[in-house]
file structure32.pdb (PDB, N, CA and C atoms)
ATOM      1  N   MET A   1       0.809  -1.194   0.000
ATOM      2  CA  MET A   1       0.000   0.000   0.000
ATOM      3  C   MET A   1       0.856   1.263   0.000
ATOM      4  N   GLU A   2       1.975   1.207   0.670
ATOM      5  CA  GLU A   2       2.802   2.393   0.749
ATOM      6  C   GLU A   2       3.315   2.849  -0.609
ATOM      7  N   PRO A   3       3.683   1.963  -1.504
ATOM      8  CA  PRO A   3       4.131   2.445  -2.821
ATOM      9  C   PRO A   3       3.022   3.210  -3.556
ATOM     10  N   ILE A   4       1.791   2.769  -3.419
ATOM     11  CA  ILE A   4       0.681   3.455  -4.072
ATOM     12  C   ILE A   4       0.493   4.830  -3.443
ATOM     13  N   GLU A   5       0.549   4.883  -2.131
ATOM     14  CA  GLU A   5       0.386   6.161  -1.442
ATOM     15  C   GLU A   5       1.519   7.125  -1.789
ATOM     16  N   SER A   6       2.726   6.611  -1.902
ATOM     17  CA  SER A   6       3.862   7.471  -2.257
ATOM     18  C   SER A   6       3.712   7.976  -3.699
ATOM     19  N   HIS A   7       3.206   7.131  -4.577
ATOM     20  CA  HIS A   7       2.953   7.561  -5.958
ATOM     21  C   HIS A   7       1.873   8.640  -5.993
ATOM     22  N   ILE A   8       0.818   8.409  -5.234
ATOM     23  CA  ILE A   8      -0.274   9.394  -5.192
ATOM     24  C   ILE A   8       0.241  10.722  -4.628
ATOM     25  N   THR A   9       1.035  10.653  -3.579
ATOM     26  CA  THR A   9       1.593  11.859  -2.981
ATOM     27  C   THR A   9       2.496  12.583  -3.983
ATOM     28  N   ARG A  10       3.314  11.827  -4.678
ATOM     29  CA  ARG A  10       4.209  12.407  -5.677
ATOM     30  C   ARG A  10       3.409  13.042  -6.821
ATOM     31  N   ILE A  11       2.373  12.377  -7.269
ATOM     32  CA  ILE A  11       1.513  12.910  -8.335
ATOM     33  C   ILE A  11       0.827  14.181  -7.864
ATOM     34  N   GLN A  12       0.356  14.170  -6.607
ATOM     35  CA  GLN A  12      -0.300  15.368  -6.073
ATOM     36  C   GLN A  12       0.675  16.547  -5.992
ATOM     37  N   SER A  13       1.885  16.262  -5.561
ATOM     38  CA  SER A  13       2.865  17.356  -5.473
ATOM     39  C   SER A  13       3.216  17.884  -6.860
ATOM     40  N   LYS A  14       3.348  16.997  -7.837
ATOM     41  CA  LYS A  14       3.620  17.436  -9.206
ATOM     42  C   LYS A  14       2.437  18.217  -9.764
ATOM     43  N   LEU A  15       1.237  17.770  -9.451
ATOM     44  CA  LEU A  15       0.039  18.479  -9.895
ATOM     45  C   LEU A  15      -0.022  19.873  -9.278
ATOM     46  N   ASN A  16       0.294  19.973  -8.000
ATOM     47  CA  ASN A  16       0.325  21.282  -7.333
ATOM     48  C   ASN A  16       1.374  22.200  -7.969
ATOM     49  N   GLU A  17       2.535  21.632  -8.297
ATOM     50  CA  GLU A  17       3.584  22.406  -8.966
ATOM     51  C   GLU A  17       3.093  22.914 -10.320
ATOM     52  N   LEU A  18       2.462  22.036 -11.074
ATOM     53  CA  LEU A  18       1.935  22.424 -12.387
ATOM     54  C   LEU A  18       0.860  23.492 -12.262
ATOM     55  N   LEU A  19       0.011  23.374 -11.253
ATOM     56  CA  LEU A  19      -1.031  24.373 -11.046
ATOM     57  C   LEU A  19      -0.424  25.735 -10.700
ATOM     58  N   LYS A  20       0.635  25.733  -9.897
ATOM     59  CA  LYS A  20       1.311  26.977  -9.560
ATOM     60  C   LYS A  20       1.948  27.601 -10.808
ATOM     61  N   LYS A  21       2.599  26.755 -11.614
ATOM     62  CA  LYS A  21       3.206  27.254 -12.846
ATOM     63  C   LYS A  21       2.141  27.783 -13.803
ATOM     64  N   TYR A  22       1.021  27.093 -13.874
ATOM     65  CA  TYR A  22      -0.081  27.519 -14.740
ATOM     66  C   TYR A  22      -0.624  28.875 -14.293
ATOM     67  N   ALA A  23      -0.796  29.038 -12.987
ATOM     68  CA  ALA A  23      -1.284  30.317 -12.461
ATOM     69  C   ALA A  23      -0.289  31.435 -12.752
ATOM     70  N   ALA A  24       0.994  31.134 -12.604
ATOM     71  CA  ALA A  24       2.024  32.139 -12.882
ATOM     72  C   ALA A  24       2.016  32.516 -14.364
ATOM     73  N   LEU A  25       1.854  31.528 -15.227
ATOM     74  CA  LEU A  25       1.799  31.796 -16.661
ATOM     75  C   LEU A  25       0.557  32.597 -17.036
ATOM     76  N   GLN A  26      -0.560  32.310 -16.385
ATOM     77  CA  GLN A  26      -1.782  33.078 -16.643
ATOM     78  C   GLN A  26      -1.584  34.541 -16.233
ATOM     79  N   LYS A  27      -0.945  34.741 -15.100
ATOM     80  CA  LYS A  27      -0.687  36.097 -14.619
ATOM     81  C   LYS A  27       0.242  36.827 -15.586
ATOM     82  N   LEU A  28       1.275  36.138 -16.045
ATOM     83  CA  LEU A  28       2.208  36.717 -17.007
ATOM     84  C   LEU A  28       1.499  37.064 -18.318
ATOM     85  N   ALA A  29       0.637  36.173 -18.781
ATOM     86  CA  ALA A  29      -0.106  36.416 -20.014
ATOM     87  C   ALA A  29      -1.018  37.633 -19.868
ATOM     88  N   ALA A  30      -1.647  37.772 -18.729
ATOM     89  CA  ALA A  30      -2.516  38.931 -18.482
ATOM     90  C   ALA A  30      -1.696  40.222 -18.480
ATOM     91  N   GLN A  31      -0.535  40.190 -17.861
ATOM     92  CA  GLN A  31       0.334  41.365 -17.836
ATOM     93  C   GLN A  31       0.800  41.721 -19.250
ATOM     94  N   GLN A  32       1.113  40.705 -20.031
ATOM     95  CA  GLN A  32       1.557  40.948 -21.396
ATOM     96  C   GLN A  32       0.429  41.507 -22.258
ATOM     97  N   GLN A  33      -0.802  41.063 -22.018
ATOM     98  CA  GLN A  33      -1.940  41.614 -22.750
ATOM     99  C   GLN A  33      -2.118  43.096 -22.426
ATOM    100  N   ILE A  34      -1.941  43.452 -21.161
ATOM    101  CA  ILE A  34      -2.038  44.852 -20.758
ATOM    102  C   ILE A  34      -0.936  45.666 -21.437
ATOM    103  N   THR A  35       0.274  45.122 -21.444
ATOM    104  CA  THR A  35       1.395  45.805 -22.090
ATOM    105  C   THR A  35       1.143  45.972 -23.584
ATOM    106  N   ILE A  36       0.608  44.944 -24.219
ATOM    107  CA  ILE A  36       0.300  45.014 -25.650
ATOM    108  C   ILE A  36      -0.728  46.104 -25.912
ATOM    109  N   LYS A  37      -1.749  46.170 -25.082
ATOM    110  CA  LYS A  37      -2.781  47.188 -25.255
ATOM    111  C   LYS A  37      -2.191  48.582 -25.083
ATOM    112  N   GLU A  38      -1.373  48.765 -24.056
ATOM    113  CA  GLU A  38      -0.755  50.072 -23.812
ATOM    114  C   GLU A  38       0.140  50.474 -24.979
ATOM    115  N   LEU A  39       0.927  49.528 -25.484
ATOM    116  CA  LEU A  39       1.822  49.826 -26.603
ATOM    117  C   LEU A  39       1.040  50.130 -27.875
ATOM    118  N   SER A  40      -0.066  49.433 -28.077
ATOM    119  CA  SER A  40      -0.902  49.703 -29.245
ATOM    120  C   SER A  40      -1.489  51.107 -29.176
ATOM    121  N   GLU A  41      -1.959  51.497 -27.999
ATOM    122  CA  GLU A  41      -2.502  52.846 -27.823
ATOM    123  C   GLU A  41      -1.411  53.894 -28.028
ATOM    124  N   GLU A  42      -0.227  53.624 -27.501
ATOM    125  CA  GLU A  42       0.889  54.554 -27.664
ATOM    126  C   GLU A  42       1.274  54.681 -29.135
ATOM    127  N   LYS A  43       1.276  53.561 -29.843
ATOM    128  CA  LYS A  43       1.597  53.570 -31.271
ATOM    129  C   LYS A  43       0.559  54.390 -32.039
ATOM    130  N   GLU A  44      -0.700  54.193 -31.718
ATOM    131  CA  GLU A  44      -1.770  54.928 -32.390
ATOM    132  C   GLU A  44      -1.630  56.430 -32.148
ATOM    133  N   MET A  45      -1.326  56.806 -30.911
ATOM    134  CA  MET A  45      -1.150  58.224 -30.596
ATOM    135  C   MET A  45       0.056  58.797 -31.344
ATOM    136  N   SER A  46       1.124  58.020 -31.431
ATOM    137  CA  SER A  46       2.317  58.474 -32.145
ATOM    138  C   SER A  46       2.026  58.656 -33.632
ATOM    139  N   GLU A  47       1.266  57.728 -34.202
ATOM    140  CA  GLU A  47       0.916  57.839 -35.618
ATOM    141  C   GLU A  47       0.052  59.068 -35.877
ATOM    142  N   LYS A  48      -0.888  59.361 -34.968
ATOM    143  CA  LYS A  48      -1.711  60.556 -35.111
ATOM    144  C   LYS A  48      -0.848  61.809 -35.031
ATOM    145  N   LYS A  49       0.090  61.812 -34.106
ATOM    146  CA  LYS A  49       0.966  62.968 -33.951
ATOM    147  C   LYS A  49       1.828  63.149 -35.196
ATOM    148  N   ILE A  50       2.320  62.063 -35.754
ATOM    149  CA  ILE A  50       3.132  62.128 -36.972
ATOM    150  C   ILE A  50       2.314  62.713 -38.116
ATOM    151  N   ARG A  51       1.063  62.223 -38.281
ATOM    152  CA  ARG A  51       0.205  62.758 -39.344
ATOM    153  C   ARG A  51      -0.041  64.246 -39.148
ATOM    154  N   SER A  52      -0.289  64.638 -37.916
ATOM    155  CA  SER A  52      -0.532  66.046 -37.616
ATOM    156  C   SER A  52       0.696  66.896 -37.944
ATOM    157  N   LEU A  53       1.863  66.412 -37.562
ATOM    158  CA  LEU A  53       3.091  67.154 -37.835
ATOM    159  C   LEU A  53       3.375  67.232 -39.330
ATOM    160  N   GLU A  54       3.081  66.159 -40.060
ATOM    161  CA  GLU A  54       3.264  66.190 -41.511
ATOM    162  C   GLU A  54       2.334  67.215 -42.152
ATOM    163  N   GLU A  55       1.091  67.280 -41.655
ATOM    164  CA  GLU A  55       0.152  68.275 -42.172
ATOM    165  C   GLU A  55       0.635  69.687 -41.851
ATOM    166  N   GLN A  56       1.139  69.883 -40.649
ATOM    167  CA  GLN A  56       1.664  71.196 -40.273
ATOM    168  C   GLN A  56       2.851  71.578 -41.152
ATOM    169  N   GLN A  57       3.683  70.593 -41.454
ATOM    170  CA  GLN A  57       4.838  70.835 -42.312
ATOM    171  C   GLN A  57       4.375  71.276 -43.701
ATOM    172  N   LEU A  58       3.359  70.626 -44.248
ATOM    173  CA  LEU A  58       2.834  71.010 -45.551
ATOM    174  C   LEU A  58       2.267  72.423 -45.518
ATOM    175  N   ILE A  59       1.554  72.740 -44.448
ATOM    176  CA  ILE A  59       0.970  74.082 -44.318
ATOM    177  C   ILE A  59       2.073  75.134 -44.257
ATOM    178  N   LEU A  60       3.113  74.850 -43.490
ATOM    179  CA  LEU A  60       4.221  75.808 -43.381
ATOM    180  C   LEU A  60       4.939  75.975 -44.717
ATOM    181  N   LYS A  61       5.141  74.877 -45.424
ATOM    182  CA  LYS A  61       5.767  74.968 -46.739
ATOM    183  C   LYS A  61       4.893  75.766 -47.695
ATOM    184  N   SER A  62       3.591  75.539 -47.598
ATOM    185  CA  SER A  62       2.659  76.257 -48.464
ATOM    186  C   SER A  62       2.705  77.751 -48.175
ATOM    187  N   ALA A  63       2.731  78.097 -46.905
ATOM    188  CA  ALA A  63       2.768  79.509 -46.514
ATOM    189  C   ALA A  63       4.074  80.166 -46.953
ATOM    190  N   ALA A  64       5.140  79.404 -46.964
ATOM    191  CA  ALA A  64       6.439  79.942 -47.350
ATOM    192  C   ALA A  64       6.642  79.865 -48.862
ATOM    193  N   GLY A  65       5.699  79.229 -49.577
ATOM    194  CA  GLY A  65       5.816  79.103 -51.026
ATOM    195  C   GLY A  65       6.894  78.133 -51.456
ATOM    196  N   GLN A  66       7.167  77.126 -50.651
ATOM    197  CA  GLN A  66       8.241  76.182 -50.947
ATOM    198  C   GLN A  66       7.714  74.786 -51.283
ATOM    199  N   LEU A  67       6.495  74.696 -51.773
ATOM    200  CA  LEU A  67       5.930  73.380 -52.072
ATOM    201  C   LEU A  67       6.403  72.886 -53.431
ATOM    202  N   SER A  68       6.802  71.639 -53.474
ATOM    203  CA  SER A  68       7.085  71.002 -54.756
ATOM    204  C   SER A  68       5.751  70.591 -55.368
ATOM    205  N   SER A  69       5.764  70.146 -56.594
ATOM    206  CA  SER A  69       4.498  69.769 -57.239
ATOM    207  C   SER A  69       3.842  68.586 -56.523
ATOM    208  N   ALA A  70       4.643  67.660 -56.050
ATOM    209  CA  ALA A  70       4.094  66.506 -55.317
ATOM    210  C   ALA A  70       3.483  66.961 -53.996
ATOM    211  N   ASP A  71       4.167  67.889 -53.325
ATOM    212  CA  ASP A  71       3.641  68.411 -52.063
ATOM    213  C   ASP A  71       2.357  69.199 -52.292
ATOM    214  N   LYS A  72       2.298  69.941 -53.413
ATOM    215  CA  LYS A  72       1.086  70.703 -53.731
ATOM    216  C   LYS A  72      -0.103  69.767 -53.908
ATOM    217  N   LYS A  73       0.127  68.664 -54.637
ATOM    218  CA  LYS A  73      -0.954  67.696 -54.855
ATOM    219  C   LYS A  73      -1.409  67.091 -53.533
ATOM    220  N   ALA A  74      -0.454  66.740 -52.683
ATOM    221  CA  ALA A  74      -0.799  66.160 -51.374
ATOM    222  C   ALA A  74      -1.563  67.174 -50.530
ATOM    223  N   PHE A  75      -1.137  68.424 -50.583
ATOM    224  CA  PHE A  75      -1.798  69.485 -49.825
ATOM    225  C   PHE A  75      -3.219  69.698 -50.342
ATOM    226  N   GLU A  76      -3.377  69.724 -51.660
ATOM    227  CA  GLU A  76      -4.705  69.893 -52.251
ATOM    228  C   GLU A  76      -5.618  68.727 -51.891
ATOM    229  N   GLN A  77      -5.072  67.515 -51.900
ATOM    230  CA  GLN A  77      -5.868  66.351 -51.525
ATOM    231  C   GLN A  77      -6.314  66.444 -50.074
ATOM    232  N   THR A  78      -5.426  66.887 -49.214
ATOM    233  CA  THR A  78      -5.769  67.047 -47.804
ATOM    234  C   THR A  78      -6.871  68.086 -47.632
ATOM    235  N   ILE A  79      -6.724  69.211 -48.315
ATOM    236  CA  ILE A  79      -7.737  70.268 -48.242
ATOM    237  C   ILE A  79      -9.072  69.757 -48.784
ATOM    238  N   ASN A  80      -9.043  69.049 -49.908
ATOM    239  CA  ASN A  80     -10.271  68.500 -50.487
ATOM    240  C   ASN A  80     -10.936  67.500 -49.538
ATOM    241  N   LYS A  81     -10.115  66.698 -48.858
ATOM    242  CA  LYS A  81     -10.668  65.739 -47.896
ATOM    243  C   LYS A  81     -11.367  66.479 -46.758
ATOM    244  N   TYR A  82     -10.734  67.539 -46.262
ATOM    245  CA  TYR A  82     -11.354  68.330 -45.193
ATOM    246  C   TYR A  82     -12.659  68.958 -45.665
ATOM    247  N   ILE A  83     -12.665  69.447 -46.878
ATOM    248  CA  ILE A  83     -13.887  70.061 -47.423
ATOM    249  C   ILE A  83     -14.999  69.030 -47.517
ATOM    250  N   LYS A  84     -14.670  67.827 -47.984
ATOM    251  CA  LYS A  84     -15.677  66.757 -48.063
ATOM    252  C   LYS A  84     -16.196  66.401 -46.676
ATOM    253  N   ASP A  85     -15.288  66.304 -45.701
ATOM    254  CA  ASP A  85     -15.701  65.997 -44.328
ATOM    255  C   ASP A  85     -16.624  67.083 -43.776
ATOM    256  N   ILE A  86     -16.287  68.335 -44.046
ATOM    257  CA  ILE A  86     -17.119  69.449 -43.573
ATOM    258  C   ILE A  86     -18.484  69.411 -44.249
ATOM    259  N   ASP A  87     -18.507  69.157 -45.562
ATOM    260  CA  ASP A  87     -19.778  69.053 -46.282
ATOM    261  C   ASP A  87     -20.636  67.928 -45.725
ATOM    262  N   HIS A  88     -19.994  66.817 -45.419
ATOM    263  CA  HIS A  88     -20.712  65.673 -44.854
ATOM    264  C   HIS A  88     -21.310  66.039 -43.489
ATOM    265  N   CYS A  89     -20.538  66.726 -42.673
ATOM    266  CA  CYS A  89     -21.025  67.151 -41.358
ATOM    267  C   CYS A  89     -22.206  68.107 -41.494
ATOM    268  N   ILE A  90     -22.115  69.030 -42.433
ATOM    269  CA  ILE A  90     -23.200  69.978 -42.663
ATOM    270  C   ILE A  90     -24.470  69.250 -43.103
ATOM    271  N   THR A  91     -24.297  68.262 -43.977
ATOM    272  CA  THR A  91     -25.433  67.451 -44.430
ATOM    273  C   THR A  91     -26.075  66.738 -43.258
ATOM    274  N   LEU A  92     -25.269  66.173 -42.397
ATOM    275  CA  LEU A  92     -25.798  65.459 -41.225
ATOM    276  C   LEU A  92     -26.526  66.421 -40.275
ATOM    277  N   LEU A  93     -26.025  67.618 -40.136
ATOM    278  CA  LEU A  93     -26.652  68.586 -39.256
ATOM    279  C   LEU A  93     -27.987  69.080 -39.821
ATOM    280  N   ASN A  94     -28.109  69.108 -41.140
ATOM    281  CA  ASN A  94     -29.343  69.577 -41.776
ATOM    282  C   ASN A  94     -30.442  68.535 -41.743
ATOM    283  N   GLU A  95     -30.106  67.304 -41.461
ATOM    284  CA  GLU A  95     -31.128  66.240 -41.446
ATOM    285  C   GLU A  95     -31.976  66.301 -40.209
TER     286      GLU A  95
END

call {"tool": "encode", "arguments": {"input": "structure32.pdb", "output": "structure tokens"}}
result
Amino acid sequence: MEPIESHITRIQSKLNELLKKYAALQKLAAQQQITIKELSEEKEMSEKKIRSLEEQQLILKSAAGQLSSADKKAFEQTINKYIKDIDHCITLLNE
């Protein structure tokens, strides 16, 4: 009987060890998910800031008269997009 009991005890201790490792891994995975979410939000904010700065750069170049033809087209497209967005907003407000 003792060999069976020792096997059961050993299995229980190994099971407890595995459960502890599993809990630790779950905690680590949760922390990593939080980190991933934070980094994704930070990346999104950085991308928005980059777009904003690029638009400001185009505006400054336009004001200084230093736009190349490619920059002029990009600037015109940006302005046209804003005009469309404003028109869309006005349409929604009139409904």

call {"tool": "residues_around", "arguments": {"input": "structure32.pdb", "residues": "A:Gln57", "least_positions_apart": "6", "cutoff": "12 Å", "atoms": "only C-alpha atoms", "output": "ChimeraX atom specification"}}
result
/A:50-51,63-64,66-67,71,74-75

call {"tool": "atom_distance", "arguments": {"input": "structure32.pdb", "atom1": "atom CA of A:Lys37", "atom2": "atom C of A:Glu54"}}
result
26.7 Å

call {"tool": "atom_distance", "arguments": {"input": "structure32.pdb", "atom1": "atom N of A:Gln56", "atom2": "atom C of A:Ala70"}}
result
13.9 Å

call {"tool": "axis_aligned_box", "arguments": {"input": "structure32.pdb", "around": "stretch 15-33 of chain A", "padding_each_side": "5 Å", "output": "AutoDock Vina command-line options"}}
result
--center_x 0.5 --center_y 30.4 --center_z -15.0 --size_x 16.1 --size_y 35.3 --size_z 25.4

call {"tool": "atom_distance", "arguments": {"input": "structure32.pdb", "atom1": "atom C of A:Thr78", "atom2": "atom N of A:Ser62"}}
result
12.8 Å
